[in-house]
Every structure is written in structure tokens, then in C-alpha cells.
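A.B. asks: Take a look at this one; I'll ask things after.
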Amino acid sequence: MKEYSAVRCAFDYVICSNGCNPYPLHERLYSVSPLHGRSFVVGRHTDGRYIVTKGNGLCYSQHSFLYTPEMPTDVWGLLLMEDALRDYYCCQDVQALGIKTNQMECVLELDYPIYIAQTDTTVKPVLLQYNVECPYRICDAPFMERSQIEAEVAKWQQYNSKGYSKSHEVAADILIGNLRTMHDHEVLHNAIHEQNYTWALELLDFELARTPQHPYEKEDYERHAPSLYSREVIQTYVIINYIAGVLREEVDFAAIDRMWQDYGFDISMMQPTLLK
């Protein structure tokens, strides 16, 4: 992990889980890989779980925050209140379904106003704090020691009740099962990719998600949501292939497609008709 320095900052609690100790812009931050952007490890609990805060500023520039004009307050490295709250609550909704996720701890509003000159807007940054079993995402494989990956993958055998011979098949069973559970409960994660699963197979990052308890506030977004469910099948398949590639395991696509079928996803129905 690469160490970074930060500054202390006053803050207001927005939400705080019982017994949580906040880390608002703590003095020492640790970046697991260059891919994590605004998320840093800030400590560990006594049980070994890693404490992460999101919204600390960028790890890949000399500048903590960078504005781009997609939206009036769209600042890279920054986390806005509405996004932090959606992440916090939707994660808890998904966790209640029995899916392994990060464990949310608190949302903090920082007394650290940021002025965006391009839009003449001032915003207060927000930190989202949570903990995870493993700080490394699936996408972090190029920045991990082989022994670290092997140690995490070895833990998957506790979930291998079906006797799969390949580790990526164990992961596939979990990831496809997660998707089945979410879709059956009308949950759209809306950001399924290698960066949002850890090597402990924890599903992360719910700031774009919607659940029945927390639907999208904009009517147009909510109306469009049903058309996005099927793409999560493809996105999950990509993660399965990525894991197999990292582990140097050959993928039997017929076997994986049967696994999808067992969970009620008929991949063949997604194939368009080929015209000669």
C-alpha cells in the first residue's frame, strides 16, 4: 500500500453506526492500488477488517479535486451528500438480502468547503466510511502479490458446497446467485464490474443503485431502470472471465451457461438472430 498524508478537519455526523470511530481526512491514508481513486484505507478493526473512507480526494494527481463539466458539481475525488446516502442505504438494503457486502459505518459532512469557480458553486465534501474483509478489488490483481490472491481464493472453498473443481466456478456461483437475489428483489446495482467486487467476493459501491426501499428520485431514471437489468448479466460474466484469467483457469463456457440457466438466466435468449 502507498501512504499519503492528509489534514484533519472538523465534521458533522450525518449517520453513524453504533460504536463507530470516524476518520475524517485522517493524517495517514493508504492507497491499495492506483485504481481506487478517492477511496483509501485508514485503519483496521481488532477483528482484522479494513476501514475505508471514500471521498478523500484523488490518489492519482497532485491535485486532490478536479472539476469536469458533466454536471455543475461533478468533481473528481469528491463525494456528494446524496451519493453517499444512496450508497449507505442501498448497501444495507442489499446486505439484508443475505448478499456479502461492505459494512457501512458512517457518513460525515466535512467543514472543508470547496469552491468550483467554473460554476460559481461551493460544496461541502462528504466522507463515507465502511469496513471490508479484503481491501483489494478484483481489478487490483496486477498490483497484488500472487500469494495475496491465492490466500483470498483459498477462502472461497467454504462456499463450495456444490463441489466445483475450479476456483472461478466457485466465484461464478456466488456472483450469479447474488444477481439472481438482487433481480428477484427489484434491486439494480448499476455498476457491476471488476472494481466493485473485492477478492473476498464482497459487493461494493451502491451510489448508483436503486432498491424498492430507495428508488431513484428522478422519474425518468426510475422508468429507465428495468432496461438495465439484463446488462448486469453480461457485466457479471466479464468479472467471471477476469477472475479465471487471473487464476489461469480455462473457462468452460457451456458449464458457466448451465450455471446461469440453473439460476434462471437463459443466456441463449439474449442472442440476436443471425441472418445470412
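Each chain in the C-alpha cells gets a letter, A, B and so on, in the order shown; residues start at 1 in every chain, and ligands are counted from 1 in the order they appear.
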So which residues touch Tyr242 (chain A) within 8 Å, counting only C-alpha atoms, skipping near sequence neighbours fewer than 4 positions away, as number ranges by chain?

C.D. replies: A: 194, 238, 246

A.B. asks: Taking N, CA and C atoms for each residue, export the selection above as a PDB file, in the first residue's frame.

C.D. replies:
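Full text of result.pdb as output:
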```
ATOM      1  N   GLU A 194     -15.344  -5.224 -12.305  1.00  0.00           N
ATOM      2  CA  GLU A 194     -14.249  -5.778 -11.507  1.00  0.00           C
ATOM      3  C   GLU A 194     -13.827  -4.868 -10.355  1.00  0.00           C
ATOM      4  N   VAL A 238     -18.317 -10.886 -17.417  1.00  0.00           N
ATOM      5  CA  VAL A 238     -16.984 -10.307 -17.615  1.00  0.00           C
ATOM      6  C   VAL A 238     -16.126 -10.509 -16.368  1.00  0.00           C
ATOM      7  N   VAL A 246      -7.057 -14.272 -14.314  1.00  0.00           N
ATOM      8  CA  VAL A 246      -6.061 -14.028 -13.268  1.00  0.00           C
ATOM      9  C   VAL A 246      -5.559 -15.341 -12.679  1.00  0.00           C
TER      10      VAL A 246
END
```

A.B. asks: Excluding region 44-60 of chain A and residues on its chain fewer than 2 positions from it, collect all residues at most 7 Å away from it, counting only C-alpha atoms, and give them as a list in words.

C.D. replies: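 In the requested format, the answer is Leu25, Pro34, Gly37, Arg38, Ser39, Phe40, Val41, Val42, Ser64, Phe65, Gly77, Leu78, Leu79, Val126, Leu127, Leu128, Gln129, Tyr130, Asn131, Val132, Glu133, Cys134 and Pro135 of chain A.
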
A.B. asks: Restricted to N, CA, C and O atoms, what would the selected residues look like written as an mmCIF file, in the first residue's frame?

C.D. replies:
```cif
data_model
loop_
_atom_site.group_PDB
_atom_site.id
_atom_site.type_symbol
_atom_site.label_atom_id
_atom_site.label_comp_id
_atom_site.auth_asym_id
_atom_site.auth_seq_id
_atom_site.Cartn_x
_atom_site.Cartn_y
_atom_site.Cartn_z
ATOM 1 N N LEU A 25 -10.752 12.775 6.962
ATOM 2 C CA LEU A 25 -9.478 13.254 6.411
ATOM 3 C C LEU A 25 -8.337 13.000 7.397
ATOM 4 O O LEU A 25 -7.641 13.916 7.834
ATOM 5 N N PRO A 34 -3.522 2.086 -7.696
ATOM 6 C CA PRO A 34 -3.830 3.331 -8.412
ATOM 7 C C PRO A 34 -5.266 3.404 -8.915
ATOM 8 O O PRO A 34 -5.705 4.471 -9.336
ATOM 9 N N GLY A 37 -8.719 5.598 -6.769
ATOM 10 C CA GLY A 37 -9.162 6.983 -6.904
ATOM 11 C C GLY A 37 -9.307 7.715 -5.590
ATOM 12 O O GLY A 37 -8.336 8.139 -4.974
ATOM 13 N N ARG A 38 -10.529 7.842 -5.115
ATOM 14 C CA ARG A 38 -10.830 8.650 -3.926
ATOM 15 C C ARG A 38 -11.039 7.816 -2.660
ATOM 16 O O ARG A 38 -11.408 8.357 -1.620
ATOM 17 N N SER A 39 -10.832 6.507 -2.734
ATOM 18 C CA SER A 39 -11.019 5.623 -1.582
ATOM 19 C C SER A 39 -9.669 5.185 -1.021
ATOM 20 O O SER A 39 -8.786 4.773 -1.769
ATOM 21 N N PHE A 40 -9.550 5.262 0.298
ATOM 22 C CA PHE A 40 -8.291 4.943 0.973
ATOM 23 C C PHE A 40 -8.560 4.092 2.201
ATOM 24 O O PHE A 40 -9.590 4.240 2.864
ATOM 25 N N VAL A 41 -7.610 3.228 2.524
ATOM 26 C CA VAL A 41 -7.640 2.504 3.790
ATOM 27 C C VAL A 41 -7.113 3.443 4.875
ATOM 28 O O VAL A 41 -6.070 4.084 4.699
ATOM 29 N N VAL A 42 -7.838 3.525 5.997
ATOM 30 C CA VAL A 42 -7.414 4.438 7.073
ATOM 31 C C VAL A 42 -7.130 3.707 8.386
ATOM 32 O O VAL A 42 -6.654 4.315 9.345
ATOM 33 N N SER A 64 -6.023 17.366 -5.382
ATOM 34 C CA SER A 64 -6.968 16.498 -4.682
ATOM 35 C C SER A 64 -8.300 16.391 -5.407
ATOM 36 O O SER A 64 -8.941 15.335 -5.389
ATOM 37 N N PHE A 65 -8.725 17.479 -6.026
ATOM 38 C CA PHE A 65 -10.032 17.503 -6.686
ATOM 39 C C PHE A 65 -9.891 18.136 -8.069
ATOM 40 O O PHE A 65 -9.177 19.124 -8.233
ATOM 41 N N GLY A 77 -12.798 13.028 -7.225
ATOM 42 C CA GLY A 77 -12.191 12.977 -5.899
ATOM 43 C C GLY A 77 -13.151 13.351 -4.793
ATOM 44 O O GLY A 77 -12.898 13.083 -3.623
ATOM 45 N N LEU A 78 -14.263 13.964 -5.172
ATOM 46 C CA LEU A 78 -15.256 14.457 -4.221
ATOM 47 C C LEU A 78 -16.414 13.472 -4.120
ATOM 48 O O LEU A 78 -16.742 12.781 -5.083
ATOM 49 N N LEU A 79 -17.034 13.392 -2.961
ATOM 50 C CA LEU A 79 -18.259 12.618 -2.784
ATOM 51 C C LEU A 79 -19.336 13.568 -2.291
ATOM 52 O O LEU A 79 -19.148 14.273 -1.293
ATOM 53 N N VAL A 126 -18.153 15.175 1.481
ATOM 54 C CA VAL A 126 -18.695 14.172 2.393
ATOM 55 C C VAL A 126 -17.776 12.962 2.363
ATOM 56 O O VAL A 126 -17.230 12.602 1.313
ATOM 57 N N LEU A 127 -17.559 12.353 3.512
ATOM 58 C CA LEU A 127 -16.837 11.090 3.595
ATOM 59 C C LEU A 127 -17.811 9.973 3.921
ATOM 60 O O LEU A 127 -18.654 10.120 4.810
ATOM 61 N N LEU A 128 -17.697 8.887 3.195
ATOM 62 C CA LEU A 128 -18.425 7.654 3.500
ATOM 63 C C LEU A 128 -17.412 6.673 4.080
ATOM 64 O O LEU A 128 -16.400 6.373 3.445
ATOM 65 N N GLN A 129 -17.683 6.183 5.278
ATOM 66 C CA GLN A 129 -16.765 5.258 5.935
ATOM 67 C C GLN A 129 -17.420 3.887 6.056
ATOM 68 O O GLN A 129 -18.577 3.771 6.459
ATOM 69 N N TYR A 130 -16.664 2.836 5.701
ATOM 70 C CA TYR A 130 -17.163 1.468 5.825
ATOM 71 C C TYR A 130 -15.988 0.542 6.099
ATOM 72 O O TYR A 130 -14.828 0.964 6.103
ATOM 73 N N ASN A 131 -16.281 -0.716 6.342
ATOM 74 C CA ASN A 131 -15.194 -1.679 6.519
ATOM 75 C C ASN A 131 -15.406 -2.889 5.634
ATOM 76 O O ASN A 131 -16.539 -3.205 5.250
ATOM 77 N N VAL A 132 -14.306 -3.538 5.290
ATOM 78 C CA VAL A 132 -14.327 -4.705 4.399
ATOM 79 C C VAL A 132 -13.410 -5.790 4.946
ATOM 80 O O VAL A 132 -12.466 -5.522 5.691
ATOM 81 N N GLU A 133 -13.692 -7.002 4.530
ATOM 82 C CA GLU A 133 -12.809 -8.122 4.870
ATOM 83 C C GLU A 133 -11.509 -8.045 4.093
ATOM 84 O O GLU A 133 -10.431 -8.322 4.630
ATOM 85 N N CYS A 134 -11.618 -7.661 2.805
ATOM 86 C CA CYS A 134 -10.445 -7.570 1.932
ATOM 87 C C CYS A 134 -10.431 -6.203 1.244
ATOM 88 O O CYS A 134 -11.428 -5.813 0.630
ATOM 89 N N PRO A 135 -9.331 -5.454 1.321
ATOM 90 C CA PRO A 135 -9.291 -4.126 0.697
ATOM 91 C C PRO A 135 -9.008 -4.158 -0.800
ATOM 92 O O PRO A 135 -9.105 -3.133 -1.469
#
```

A.B. asks: Which parts of region 4-186 of chain A does DSSP call alpha helix (DSSP H) when run on the backbone here, written out as an NGL selection string?

C.D. replies: :A and (81-95 or 146-154 or 167-184)

A.B. asks: Name the residues of region 24-271 of chain A that fall into strand (DSSP E) according to DSSP on the backbone, using the chain letters and numbers of this document, as an MDAnalysis selection string.

C.D. replies: chainID A and resid 28:31 39:44 50:54 66:67 75:76 103:110 114:116 121:123 126:132

A.B. asks: Taking N, CA and C atoms for each residue, export the selection above as a CSV table (one decimal), in the first residue's frame.

C.D. replies:
```
chain,number,residue,atom,x,y,z
A,28,ARG,N,-3.1,9.9,8.1
A,28,ARG,CA,-2.4,8.9,7.3
A,28,ARG,C,-3.4,8.1,6.5
A,29,LEU,N,-3.3,8.1,5.2
A,29,LEU,CA,-4.2,7.3,4.3
A,29,LEU,C,-3.3,6.3,3.5
A,30,TYR,N,-3.9,5.2,3.1
A,30,TYR,CA,-3.2,4.2,2.4
A,30,TYR,C,-4.0,3.8,1.1
A,31,SER,N,-3.3,4.0,0.0
A,31,SER,CA,-4.0,3.6,-1.3
A,31,SER,C,-3.5,2.2,-1.6
A,39,SER,N,-10.8,6.5,-2.7
A,39,SER,CA,-11.0,5.6,-1.6
A,39,SER,C,-9.7,5.2,-1.0
A,40,PHE,N,-9.6,5.3,0.3
A,40,PHE,CA,-8.3,4.9,1.0
A,40,PHE,C,-8.6,4.1,2.2
A,41,VAL,N,-7.6,3.2,2.5
A,41,VAL,CA,-7.6,2.5,3.8
A,41,VAL,C,-7.1,3.4,4.9
A,42,VAL,N,-7.8,3.5,6.0
A,42,VAL,CA,-7.4,4.4,7.1
A,42,VAL,C,-7.1,3.7,8.4
A,43,GLY,N,-7.4,2.4,8.5
A,43,GLY,CA,-7.1,1.7,9.7
A,43,GLY,C,-7.7,0.3,9.6
A,44,ARG,N,-7.6,-0.4,10.7
A,44,ARG,CA,-8.1,-1.8,10.8
A,44,ARG,C,-8.8,-2.0,12.2
A,50,TYR,N,-10.7,-4.1,7.4
A,50,TYR,CA,-10.1,-2.9,7.0
A,50,TYR,C,-11.1,-1.8,6.9
A,51,ILE,N,-10.7,-0.6,7.5
A,51,ILE,CA,-11.6,0.6,7.5
A,51,ILE,C,-11.2,1.4,6.3
A,52,VAL,N,-12.2,1.8,5.5
A,52,VAL,CA,-12.0,2.5,4.2
A,52,VAL,C,-12.9,3.8,4.3
A,53,THR,N,-12.3,4.9,3.8
A,53,THR,CA,-13.1,6.1,3.6
A,53,THR,C,-13.1,6.5,2.2
A,54,LYS,N,-14.3,7.0,1.7
A,54,LYS,CA,-14.5,7.3,0.3
A,54,LYS,C,-14.8,8.8,0.2
A,66,LEU,N,-10.6,17.6,-9.0
A,66,LEU,CA,-10.5,18.1,-10.4
A,66,LEU,C,-12.0,18.2,-11.0
A,67,TYR,N,-12.3,19.3,-11.5
A,67,TYR,CA,-13.7,19.6,-12.0
A,67,TYR,C,-13.8,19.2,-13.5
A,75,VAL,N,-17.1,16.8,-9.5
A,75,VAL,CA,-15.7,17.0,-9.2
A,75,VAL,C,-15.1,15.6,-8.8
A,76,TRP,N,-14.1,15.3,-9.6
A,76,TRP,CA,-13.4,14.0,-9.4
A,76,TRP,C,-12.7,14.1,-8.0
A,103,GLN,N,-19.5,-3.3,5.1
A,103,GLN,CA,-20.3,-2.9,6.3
A,103,GLN,C,-20.2,-1.4,6.5
A,104,MET,N,-21.3,-0.8,6.3
A,104,MET,CA,-21.3,0.7,6.4
A,104,MET,C,-21.1,1.1,7.9
A,105,GLU,N,-20.4,2.2,8.0
A,105,GLU,CA,-20.1,2.8,9.4
A,105,GLU,C,-20.7,4.2,9.6
A,106,CYS,N,-20.4,5.1,8.7
A,106,CYS,CA,-20.9,6.5,8.9
A,106,CYS,C,-20.8,7.3,7.6
A,107,VAL,N,-21.6,8.4,7.6
A,107,VAL,CA,-21.5,9.4,6.6
A,107,VAL,C,-21.2,10.7,7.4
A,108,LEU,N,-20.1,11.4,6.9
A,108,LEU,CA,-19.7,12.6,7.6
A,108,LEU,C,-19.7,13.8,6.6
A,109,GLU,N,-20.2,14.9,7.0
A,109,GLU,CA,-20.1,16.2,6.2
A,109,GLU,C,-18.9,17.0,6.8
A,110,LEU,N,-17.9,17.3,5.9
A,110,LEU,CA,-16.7,17.9,6.3
A,110,LEU,C,-16.9,19.5,6.3
A,114,ILE,N,-15.4,23.6,-0.7
A,114,ILE,CA,-14.7,23.6,-1.9
A,114,ILE,C,-15.4,24.5,-2.9
A,115,TYR,N,-14.7,25.5,-3.5
A,115,TYR,CA,-15.3,26.4,-4.4
A,115,TYR,C,-15.0,26.0,-5.8
A,116,ILE,N,-16.1,25.9,-6.6
A,116,ILE,CA,-15.9,25.5,-8.0
A,116,ILE,C,-16.1,26.7,-8.9
A,121,THR,N,-20.0,27.7,-7.6
A,121,THR,CA,-20.7,26.9,-6.7
A,121,THR,C,-19.7,26.5,-5.6
A,122,THR,N,-20.2,26.5,-4.3
A,122,THR,CA,-19.5,26.0,-3.2
A,122,THR,C,-20.2,24.7,-2.6
A,123,VAL,N,-19.4,23.7,-2.4
A,123,VAL,CA,-20.0,22.5,-1.9
A,123,VAL,C,-19.1,22.0,-0.7
A,126,VAL,N,-18.2,15.2,1.5
A,126,VAL,CA,-18.7,14.2,2.4
A,126,VAL,C,-17.8,13.0,2.4
A,127,LEU,N,-17.6,12.4,3.5
A,127,LEU,CA,-16.8,11.1,3.6
A,127,LEU,C,-17.8,10.0,3.9
A,128,LEU,N,-17.7,8.9,3.2
A,128,LEU,CA,-18.4,7.7,3.5
A,128,LEU,C,-17.4,6.7,4.1
A,129,GLN,N,-17.7,6.2,5.3
A,129,GLN,CA,-16.8,5.3,5.9
A,129,GLN,C,-17.4,3.9,6.1
A,130,TYR,N,-16.7,2.8,5.7
A,130,TYR,CA,-17.2,1.5,5.8
A,130,TYR,C,-16.0,0.5,6.1
A,131,ASN,N,-16.3,-0.7,6.3
A,131,ASN,CA,-15.2,-1.7,6.5
A,131,ASN,C,-15.4,-2.9,5.6
A,132,VAL,N,-14.3,-3.5,5.3
A,132,VAL,CA,-14.3,-4.7,4.4
A,132,VAL,C,-13.4,-5.8,4.9
```

A.B. asks: Env of Leu85 (chain A): 8 Å cut, atoms = only C-alpha atoms, seq-sep filter 4 positions within chain, self excluded. Answer as a PDB file with N, CA, C and O atoms, in the first residue's frame.

C.D. replies:
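Below is the file that was written, out-v5.pdb:
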```pdb
ATOM      1  N   MET A  81     -23.263  14.559  -0.888  1.00  0.00           N
ATOM      2  CA  MET A  81     -24.132  14.026   0.146  1.00  0.00           C
ATOM      3  C   MET A  81     -25.138  13.027  -0.402  1.00  0.00           C
ATOM      4  O   MET A  81     -25.310  11.915   0.147  1.00  0.00           O
ATOM      5  N   TYR A  89     -27.463   3.577   2.272  1.00  0.00           N
ATOM      6  CA  TYR A  89     -28.753   2.921   2.484  1.00  0.00           C
ATOM      7  C   TYR A  89     -28.969   1.741   1.545  1.00  0.00           C
ATOM      8  O   TYR A  89     -29.490   0.695   1.958  1.00  0.00           O
ATOM      9  N   VAL A 107     -21.551   8.367   7.638  1.00  0.00           N
ATOM     10  CA  VAL A 107     -21.462   9.421   6.633  1.00  0.00           C
ATOM     11  C   VAL A 107     -21.165  10.712   7.382  1.00  0.00           C
ATOM     12  O   VAL A 107     -21.845  11.056   8.353  1.00  0.00           O
ATOM     13  N   GLU A 207     -23.684   3.694  -4.916  1.00  0.00           N
ATOM     14  CA  GLU A 207     -24.165   5.064  -5.082  1.00  0.00           C
ATOM     15  C   GLU A 207     -25.005   5.252  -6.343  1.00  0.00           C
ATOM     16  O   GLU A 207     -25.728   6.245  -6.469  1.00  0.00           O
TER      17      GLU A 207
END
```

A.B. asks: Considering only C-alpha atoms, return as a PyMOL selection string whatever protein or nucleic-acid residues lie within 12 Å of Glu145 (chain A), sequence-local ones (same chain, fewer than 5 positions apart) excluded.

C.D. replies: chain A and resi 1+136+140+150-152+246

A.B. asks: CA of Arg86 (chain A) and CA of Ile239 (chain A), how far apart in Å?

C.D. replies: 24.0 Å

A.B. asks: Residues at most 7 Å from Ala191 (chain A), counting only C-alpha atoms, excluding those fewer than 2 positions away in the same chain, as a short mmCIF file (atom, residue, chain, number, x, y, z; two decimals) with N, CA, C and O atoms, in the first residue's frame?

C.D. replies:
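New file selection-v6.cif:
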```
data_model
loop_
_atom_site.label_atom_id
_atom_site.label_comp_id
_atom_site.auth_asym_id
_atom_site.auth_seq_id
_atom_site.Cartn_x
_atom_site.Cartn_y
_atom_site.Cartn_z
N HIS A 189 -28.01 -2.84 -9.16
CA HIS A 189 -26.76 -2.30 -8.63
C HIS A 189 -26.25 -1.17 -9.52
O HIS A 189 -25.80 -0.13 -9.04
N HIS A 193 -18.89 -4.39 -12.00
CA HIS A 193 -17.64 -4.60 -12.73
C HIS A 193 -16.55 -4.99 -11.76
O HIS A 193 -16.78 -5.07 -10.54
N LEU A 208 -24.93 4.30 -7.29
CA LEU A 208 -25.78 4.36 -8.48
C LEU A 208 -26.93 3.36 -8.41
O LEU A 208 -27.71 3.25 -9.36
#
```

A.B. asks: Between A:Ser161, A:Val94, A:Trp199, A:Glu82, which residue has the minimum interatomic distance to Glu217 (chain A), considering only C-alpha atoms?

C.D. replies: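 Smallest distance to Glu217 (chain A) is found for A:Glu82.
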
A.B. asks: What separation in Å, quoted to one decimal, exists between CA of Gln235 (chain A) and CA of Asn178 (chain A)?

C.D. replies: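 That distance, rounded to one decimal, is 12.9 Å.
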
A.B. asks: For Ser165 (chain A), which of A:Cys16, A:Ala6, A:Met269, A:Ala255 is the closest residue, counting only C-alpha atoms?

C.D. replies: A:Ala255

A.B. asks: Would you pick out the contacts of Arg231 (chain A) at 12 Å or less, using only C-alpha atoms, so that residues sharing its chain but fewer than 2 positions from it are not included, and give the list as a list in words?

C.D. replies: Leu179, His183, Leu188, His189, Asn190, Ala191, Ile192, His193, Ala225, Pro226, Ser227, Leu228, Tyr229, Val233, Ile234, Gln235, Thr236, Tyr237, Val238, Phe265, Ile267 and Met270 of chain A
